Amino acid sequence: MRELFLCGPTIARIPTHFLPSNLVLLSRSNRHLARPPTADSFSPADLQLFHRDGYLIVRGLAPTDLLQRMRHVTKEGLSRIIEPVEFEADLHYPGAPQSHDEEGGRTVRRLKQALTRDYAFLQWVTLPAVLDRLKQLLGPRVVCPLAHHNCIMTKEPRHSSDTGWHQDIRYWSFTRPELVNMWLALGDETPENGCLKLIPGTHRMQFERDQFDETLFLREDHPANQPLLANVVHAPLEPGDVLFFHCLTFHAATRNYSTETKLSAVFTFRPEDNPPLPNSRSSGSPELLLP
């Protein structure tokens, strides 16, 4: 019986018959099934940029066949609203319907638990060109928490919302704020349809509590935040492009003003020696220990 290695407070072995039937397991020996079109690692210059700015874009990292499979699964999940999902109305962000009963109230914001939706997502996070880069950023043993991200983010042309400036670590509980997010564009991402915006270097900065509002979004009206907001950069992506960014890097996005749905597969990763804090939301789900 083959086993999937997961780790939470301790490493567990989960028999594969408990996993969805369409989820296959990949080891280092068979990850060649999806072939990356680019080199498997960051250059020294790449790493310098990431550590300076808190983000880095790799163009064309996802193989075409794998990208198409993920898009197919995503579109099916949206058309059938396959649970678990999060609706725009659940968060009440600006632009979103205020309830499920309003027009657009069943607009999906994200399809949760991407890794259990299809084998393609597991192939993606264990691709050599992905895994080797993550090890450069996080160390030799990389863990994928299933409690955070592990989803397909969607932004519909109608009834989508604005997401304010935030750090992803704000609601996460780990020993150290050392995690890296990986954002894969499943289609075009532009300022018009709500691509991510980032503030370079903010992962290395310290902030006072009054620079945030009550929900821990960065206050755009605070004088100390004005120099930060003057340095905003957009991260437009084409299908297959990947944005790696630090969990402390401030980012935001507008609603989708185009006529096409924007789709992104998003995962987060941590070093093995940075476990979630006990009795927290972050420790409430198993974690995938990558090969």
# chains A, B, ... in the order shown; residues from 1 in each chain; ligands from 1

call {"tool": "closest_atom_pairs", "arguments": {"of": "stretch 52-116 of chain A", "to": "stretch 147-167 of chain A", "cutoff": "10 Å", "atoms": "only C-alpha atoms", "output": "tab-separated table"}}
result
residue	atom	partner	partner_atom	distance
A:Met70	CA	A:Ile152	CA	9.4
A:Arg71	CA	A:Ile152	CA	9.7
A:Thr74	CA	A:Ile152	CA	7.2
A:Gly77	CA	A:Ile152	CA	9.7
A:Leu78	CA	A:Thr154	CA	8.9
A:Pro84	CA	A:Cys151	CA	9.8
A:Val85	CA	A:Cys151	CA	9.1
A:Glu86	CA	A:Met153	CA	9.5
A:Phe87	CA	A:Ser160	CA	9.6
A:Glu88	CA	A:Ser160	CA	6.6
A:Ala89	CA	A:His159	CA	8.9
A:Leu91	CA	A:Ser161	CA	9.3
A:His92	CA	A:Ser161	CA	8.3
A:Tyr93	CA	A:Ser161	CA	5.7
A:Pro94	CA	A:Asp162	CA	5.4
A:Gly95	CA	A:Ser161	CA	4.5
A:Ala96	CA	A:Ser161	CA	4.9
A:Pro97	CA	A:His159	CA	6.3
A:Glu103	CA	A:His159	CA	8.4
A:Gly104	CA	A:His159	CA	5.8
A:Gly105	CA	A:His159	CA	8.0
A:Arg106	CA	A:His159	CA	9.4
A:Thr107	CA	A:His159	CA	6.8
A:Val108	CA	A:Thr154	CA	6.8
A:Arg109	CA	A:Thr154	CA	5.2
A:Arg110	CA	A:Met153	CA	4.4
A:Leu111	CA	A:Ile152	CA	5.1
A:Lys112	CA	A:Cys151	CA	4.5
A:Gln113	CA	A:Asn150	CA	5.3
A:Ala114	CA	A:Cys151	CA	4.7
A:Leu115	CA	A:Asn150	CA	6.6
A:Thr116	CA	A:Asn150	CA	9.3

call {"tool": "write_last_selection", "arguments": {"atoms": "N, CA and C atoms", "output": "CSV table (one decimal), in the first residue's frame"}}
result
chain,number,residue,atom,x,y,z
A,70,MET,N,-5.4,21.8,-15.5
A,70,MET,CA,-5.8,22.6,-14.4
A,70,MET,C,-6.9,23.6,-14.7
A,71,ARG,N,-6.9,24.2,-15.9
A,71,ARG,CA,-7.9,25.1,-16.4
A,71,ARG,C,-9.2,24.3,-16.6
A,74,THR,N,-10.7,23.5,-13.2
A,74,THR,CA,-11.2,24.7,-12.6
A,74,THR,C,-12.6,25.2,-13.2
A,77,GLY,N,-15.3,22.9,-12.0
A,77,GLY,CA,-15.6,23.3,-10.6
A,77,GLY,C,-16.4,24.5,-10.5
A,78,LEU,N,-16.2,25.5,-11.3
A,78,LEU,CA,-17.0,26.7,-11.3
A,78,LEU,C,-18.4,26.5,-11.9
A,84,PRO,N,-15.5,22.1,-1.7
A,84,PRO,CA,-15.7,23.4,-0.9
A,84,PRO,C,-15.4,24.6,-1.7
A,85,VAL,N,-16.2,25.7,-1.5
A,85,VAL,CA,-16.0,26.9,-2.2
A,85,VAL,C,-16.2,28.1,-1.2
A,86,GLU,N,-15.7,29.2,-1.6
A,86,GLU,CA,-15.9,30.5,-0.9
A,86,GLU,C,-16.5,31.4,-1.9
A,87,PHE,N,-17.6,32.1,-1.5
A,87,PHE,CA,-18.3,33.0,-2.4
A,87,PHE,C,-17.9,34.4,-2.1
A,88,GLU,N,-18.0,35.3,-3.1
A,88,GLU,CA,-17.7,36.7,-2.9
A,88,GLU,C,-18.5,37.3,-1.7
A,89,ALA,N,-19.7,36.9,-1.6
A,89,ALA,CA,-20.6,37.4,-0.6
A,89,ALA,C,-20.2,37.0,0.8
A,91,LEU,N,-17.3,37.4,2.2
A,91,LEU,CA,-16.3,38.2,2.8
A,91,LEU,C,-16.7,39.7,2.9
A,92,HIS,N,-17.7,40.1,2.1
A,92,HIS,CA,-18.2,41.5,2.1
A,92,HIS,C,-17.2,42.5,1.7
A,93,TYR,N,-16.2,42.2,0.8
A,93,TYR,CA,-15.2,43.1,0.4
A,93,TYR,C,-15.9,44.1,-0.6
A,94,PRO,N,-15.3,45.3,-0.8
A,94,PRO,CA,-16.0,46.3,-1.7
A,94,PRO,C,-16.2,45.8,-3.1
A,95,GLY,N,-17.5,45.9,-3.5
A,95,GLY,CA,-17.8,45.4,-4.8
A,95,GLY,C,-18.6,44.1,-4.8
A,96,ALA,N,-18.4,43.3,-3.7
A,96,ALA,CA,-19.1,42.0,-3.6
A,96,ALA,C,-20.5,42.1,-3.2
A,97,PRO,N,-21.4,41.2,-3.7
A,97,PRO,CA,-22.7,41.1,-3.1
A,97,PRO,C,-22.7,41.0,-1.6
A,103,GLU,N,-28.4,39.6,-6.2
A,103,GLU,CA,-27.9,39.3,-7.6
A,103,GLU,C,-26.4,39.0,-7.5
A,104,GLY,N,-25.9,37.9,-8.0
A,104,GLY,CA,-24.5,37.6,-8.0
A,104,GLY,C,-24.1,37.0,-6.6
A,105,GLY,N,-25.0,36.7,-5.8
A,105,GLY,CA,-24.6,36.2,-4.4
A,105,GLY,C,-24.0,34.8,-4.4
A,106,ARG,N,-24.1,34.1,-5.5
A,106,ARG,CA,-23.4,32.8,-5.7
A,106,ARG,C,-22.2,32.9,-6.5
A,107,THR,N,-21.6,34.1,-6.7
A,107,THR,CA,-20.4,34.2,-7.4
A,107,THR,C,-19.2,33.7,-6.6
A,108,VAL,N,-18.5,32.7,-7.2
A,108,VAL,CA,-17.4,32.0,-6.5
A,108,VAL,C,-16.2,32.9,-6.4
A,109,ARG,N,-15.6,33.0,-5.3
A,109,ARG,CA,-14.4,33.7,-5.1
A,109,ARG,C,-13.2,32.8,-5.2
A,110,ARG,N,-13.3,31.6,-4.6
A,110,ARG,CA,-12.3,30.6,-4.8
A,110,ARG,C,-12.8,29.2,-4.6
A,111,LEU,N,-12.2,28.3,-5.3
A,111,LEU,CA,-12.4,26.9,-5.1
A,111,LEU,C,-11.4,26.4,-4.2
A,112,LYS,N,-11.8,25.9,-3.0
A,112,LYS,CA,-10.9,25.5,-2.0
A,112,LYS,C,-10.4,24.0,-2.2
A,113,GLN,N,-9.3,23.7,-1.5
A,113,GLN,CA,-8.7,22.3,-1.5
A,113,GLN,C,-8.4,21.9,-2.9
A,114,ALA,N,-7.6,22.7,-3.6
A,114,ALA,CA,-7.2,22.4,-4.9
A,114,ALA,C,-6.5,21.0,-5.1
A,115,LEU,N,-5.7,20.7,-4.1
A,115,LEU,CA,-4.9,19.4,-4.2
A,115,LEU,C,-5.7,18.2,-4.2
A,116,THR,N,-7.0,18.3,-3.7
A,116,THR,CA,-7.9,17.1,-3.7
A,116,THR,C,-8.8,17.1,-5.0

call {"tool": "select_by_dssp", "arguments": {"residues": "stretch 80-288 of chain A", "states": "helix (DSSP H, G or I)", "output": "ChimeraX atom specification"}}
result
/A:80,88-91,114-116,119-125,128-138,168-171,202-204,209-211,223-229,281-283

call {"tool": "write_last_selection", "arguments": {"atoms": "C-alpha atoms", "output": "PDB file, in the first residue's frame"}}
result
ATOM      1  CA  ARG A  80     -20.971  22.958 -11.114  1.00  0.00           C
ATOM      2  CA  GLU A  88     -17.651  36.703  -2.866  1.00  0.00           C
ATOM      3  CA  ALA A  89     -20.610  37.396  -0.582  1.00  0.00           C
ATOM      4  CA  ASP A  90     -18.895  35.536   2.278  1.00  0.00           C
ATOM      5  CA  LEU A  91     -16.261  38.246   2.798  1.00  0.00           C
ATOM      6  CA  ALA A 114      -7.174  22.371  -4.934  1.00  0.00           C
ATOM      7  CA  LEU A 115      -4.883  19.433  -4.158  1.00  0.00           C
ATOM      8  CA  THR A 116      -7.858  17.091  -3.741  1.00  0.00           C
ATOM      9  CA  TYR A 119      -3.898  14.938  -9.808  1.00  0.00           C
ATOM     10  CA  ALA A 120      -2.691  17.902 -11.910  1.00  0.00           C
ATOM     11  CA  PHE A 121      -2.385  20.180  -8.883  1.00  0.00           C
ATOM     12  CA  LEU A 122      -0.181  17.678  -7.035  1.00  0.00           C
ATOM     13  CA  GLN A 123       1.914  17.293 -10.177  1.00  0.00           C
ATOM     14  CA  TRP A 124       2.258  21.064 -10.269  1.00  0.00           C
ATOM     15  CA  VAL A 125       3.569  21.571  -6.731  1.00  0.00           C
ATOM     16  CA  PRO A 128      11.199  19.864 -10.409  1.00  0.00           C
ATOM     17  CA  ALA A 129      11.198  23.458 -11.695  1.00  0.00           C
ATOM     18  CA  VAL A 130       8.857  24.367  -8.828  1.00  0.00           C
ATOM     19  CA  LEU A 131      10.205  22.213  -6.027  1.00  0.00           C
ATOM     20  CA  ASP A 132      13.859  23.052  -6.620  1.00  0.00           C
ATOM     21  CA  ARG A 133      13.075  26.776  -6.557  1.00  0.00           C
ATOM     22  CA  LEU A 134      11.124  26.411  -3.329  1.00  0.00           C
ATOM     23  CA  LYS A 135      14.083  24.638  -1.752  1.00  0.00           C
ATOM     24  CA  GLN A 136      16.327  27.524  -2.741  1.00  0.00           C
ATOM     25  CA  LEU A 137      13.997  29.904  -0.895  1.00  0.00           C
ATOM     26  CA  LEU A 138      13.034  27.743   2.093  1.00  0.00           C
ATOM     27  CA  ASP A 168      -0.919  36.889   4.110  1.00  0.00           C
ATOM     28  CA  ILE A 169       0.604  36.082   7.485  1.00  0.00           C
ATOM     29  CA  ARG A 170      -1.983  38.272   9.259  1.00  0.00           C
ATOM     30  CA  TYR A 171      -4.336  35.373  10.079  1.00  0.00           C
ATOM     31  CA  THR A 202       7.745  45.426   2.670  1.00  0.00           C
ATOM     32  CA  HIS A 203       8.639  41.908   3.831  1.00  0.00           C
ATOM     33  CA  ARG A 204      11.719  43.434   5.495  1.00  0.00           C
ATOM     34  CA  ARG A 209      -0.456  48.731  14.798  1.00  0.00           C
ATOM     35  CA  ASP A 210      -2.112  52.038  13.908  1.00  0.00           C
ATOM     36  CA  GLN A 211      -0.919  51.693  10.306  1.00  0.00           C
ATOM     37  CA  PRO A 223       0.648  59.389   6.618  1.00  0.00           C
ATOM     38  CA  ALA A 224       3.301  56.748   7.356  1.00  0.00           C
ATOM     39  CA  ASN A 225       1.887  54.546   4.596  1.00  0.00           C
ATOM     40  CA  GLN A 226       1.996  57.145   1.828  1.00  0.00           C
ATOM     41  CA  PRO A 227       5.651  56.517   0.836  1.00  0.00           C
ATOM     42  CA  LEU A 228       4.861  52.797   0.598  1.00  0.00           C
ATOM     43  CA  LEU A 229       1.860  53.334  -1.646  1.00  0.00           C
ATOM     44  CA  ARG A 281      -6.243  27.425  12.518  1.00  0.00           C
ATOM     45  CA  SER A 282      -2.874  26.802  10.858  1.00  0.00           C
ATOM     46  CA  SER A 283      -2.444  23.529  12.780  1.00  0.00           C
TER      47      SER A 283
END

call {"tool": "closest_residue", "arguments": {"among": "A:Asn181, A:Lys75, A:Pro239, A:Arg176", "to": "A:Pro63", "atoms": "only C-alpha atoms"}}
result
A:Pro239

call {"tool": "atom_distance", "arguments": {"atom1": "atom CA of A:Ala62", "atom2": "atom CA of A:His251"}}
result
22.7 Å

call {"tool": "residues_around", "arguments": {"residues": "A:Leu56", "least_positions_apart": "3", "cutoff": "7 Å", "atoms": "only C-alpha atoms", "output": "list in words"}}
result
Phe50, Leu243, Phe244 and Phe245 of chain A

call {"tool": "write_last_selection", "arguments": {"atoms": "N, CA and C atoms", "output": "CSV table (one decimal), in the first residue's frame"}}
result
chain,number,residue,atom,x,y,z
A,50,PHE,N,14.7,38.5,-5.1
A,50,PHE,CA,13.6,38.0,-4.2
A,50,PHE,C,13.8,38.5,-2.8
A,243,LEU,N,4.1,33.9,-10.0
A,243,LEU,CA,4.6,34.9,-9.0
A,243,LEU,C,4.9,34.2,-7.7
A,244,PHE,N,6.2,34.2,-7.3
A,244,PHE,CA,6.6,33.8,-6.0
A,244,PHE,C,6.6,35.1,-5.1
A,245,PHE,N,6.0,35.0,-3.9
A,245,PHE,CA,6.2,36.2,-3.0
A,245,PHE,C,6.1,35.8,-1.6

call {"tool": "residues_around", "arguments": {"residues": "A:Leu198", "least_positions_apart": "5", "cutoff": "8 Å", "atoms": "only C-alpha atoms", "output": "tab-separated table (two decimals) with N, CA and C atoms, in the first residue's frame"}}
result
chain	number	residue	atom	x	y	z
A	232	VAL	N	4.05	51.26	-5.47
A	232	VAL	CA	3.28	50.09	-5.89
A	232	VAL	C	3.69	49.63	-7.29
A	233	VAL	N	3.80	48.33	-7.47
A	233	VAL	CA	4.05	47.75	-8.79
A	233	VAL	C	2.95	46.74	-9.10
A	234	HIS	N	2.56	46.65	-10.37
A	234	HIS	CA	1.62	45.63	-10.81
A	234	HIS	C	2.38	44.38	-11.25
A	235	ALA	N	1.72	43.25	-11.17
A	235	ALA	CA	2.32	41.98	-11.58
A	235	ALA	C	1.48	41.32	-12.66
A	249	THR	N	5.08	40.25	2.27
A	249	THR	CA	5.03	41.26	1.22
A	249	THR	C	3.60	41.76	1.04
A	250	PHE	N	3.40	43.06	1.17
A	250	PHE	CA	2.06	43.62	1.00
A	250	PHE	C	1.60	43.47	-0.45
A	251	HIS	N	0.35	43.04	-0.61
A	251	HIS	CA	-0.22	42.92	-1.94
A	251	HIS	C	-1.72	43.22	-1.87
A	252	ALA	N	-2.28	43.52	-3.02
A	252	ALA	CA	-3.69	43.89	-3.12
A	252	ALA	C	-4.16	43.62	-4.54

call {"tool": "closest_residue", "arguments": {"among": "A:Gly201, A:Pro278, A:Pro286, A:Gly187", "to": "A:Gly60", "atoms": "only C-alpha atoms"}}
result
A:Gly187

call {"tool": "residues_around", "arguments": {"residues": "A:Ser280", "least_positions_apart": "3", "cutoff": "12 Å", "atoms": "only C-alpha atoms", "output": "MDAnalysis selection string"}}
result
chainID A and resid 8:9 147 171:175 275:277 283:285

call {"tool": "write_last_selection", "arguments": {"atoms": "C-alpha atoms", "output": "PDB file, in the first residue's frame"}}
result
ATOM      1  CA  GLY A   8       1.334  18.576  11.063  1.00  0.00           C
ATOM      2  CA  PRO A   9       2.550  18.739  14.645  1.00  0.00           C
ATOM      3  CA  ALA A 147      -5.037  25.047   5.753  1.00  0.00           C
ATOM      4  CA  TYR A 171      -4.336  35.373  10.079  1.00  0.00           C
ATOM      5  CA  TRP A 172      -1.763  32.580  10.033  1.00  0.00           C
ATOM      6  CA  SER A 173       0.000  31.161  13.083  1.00  0.00           C
ATOM      7  CA  PHE A 174       3.470  29.725  12.563  1.00  0.00           C
ATOM      8  CA  THR A 175       6.629  29.644  14.645  1.00  0.00           C
ATOM      9  CA  PRO A 275       5.680  24.435  12.145  1.00  0.00           C
ATOM     10  CA  PRO A 276       2.251  25.931  12.863  1.00  0.00           C
ATOM     11  CA  LEU A 277       1.489  26.943  16.429  1.00  0.00           C
ATOM     12  CA  SER A 283      -2.444  23.529  12.780  1.00  0.00           C
ATOM     13  CA  GLY A 284      -6.012  22.393  12.193  1.00  0.00           C
ATOM     14  CA  SER A 285      -5.328  20.727   8.834  1.00  0.00           C
TER      15      SER A 285
END

call {"tool": "atom_distance", "arguments": {"atom1": "atom CA of A:Leu196", "atom2": "atom CA of A:Val73"}}
result
22.8 Å
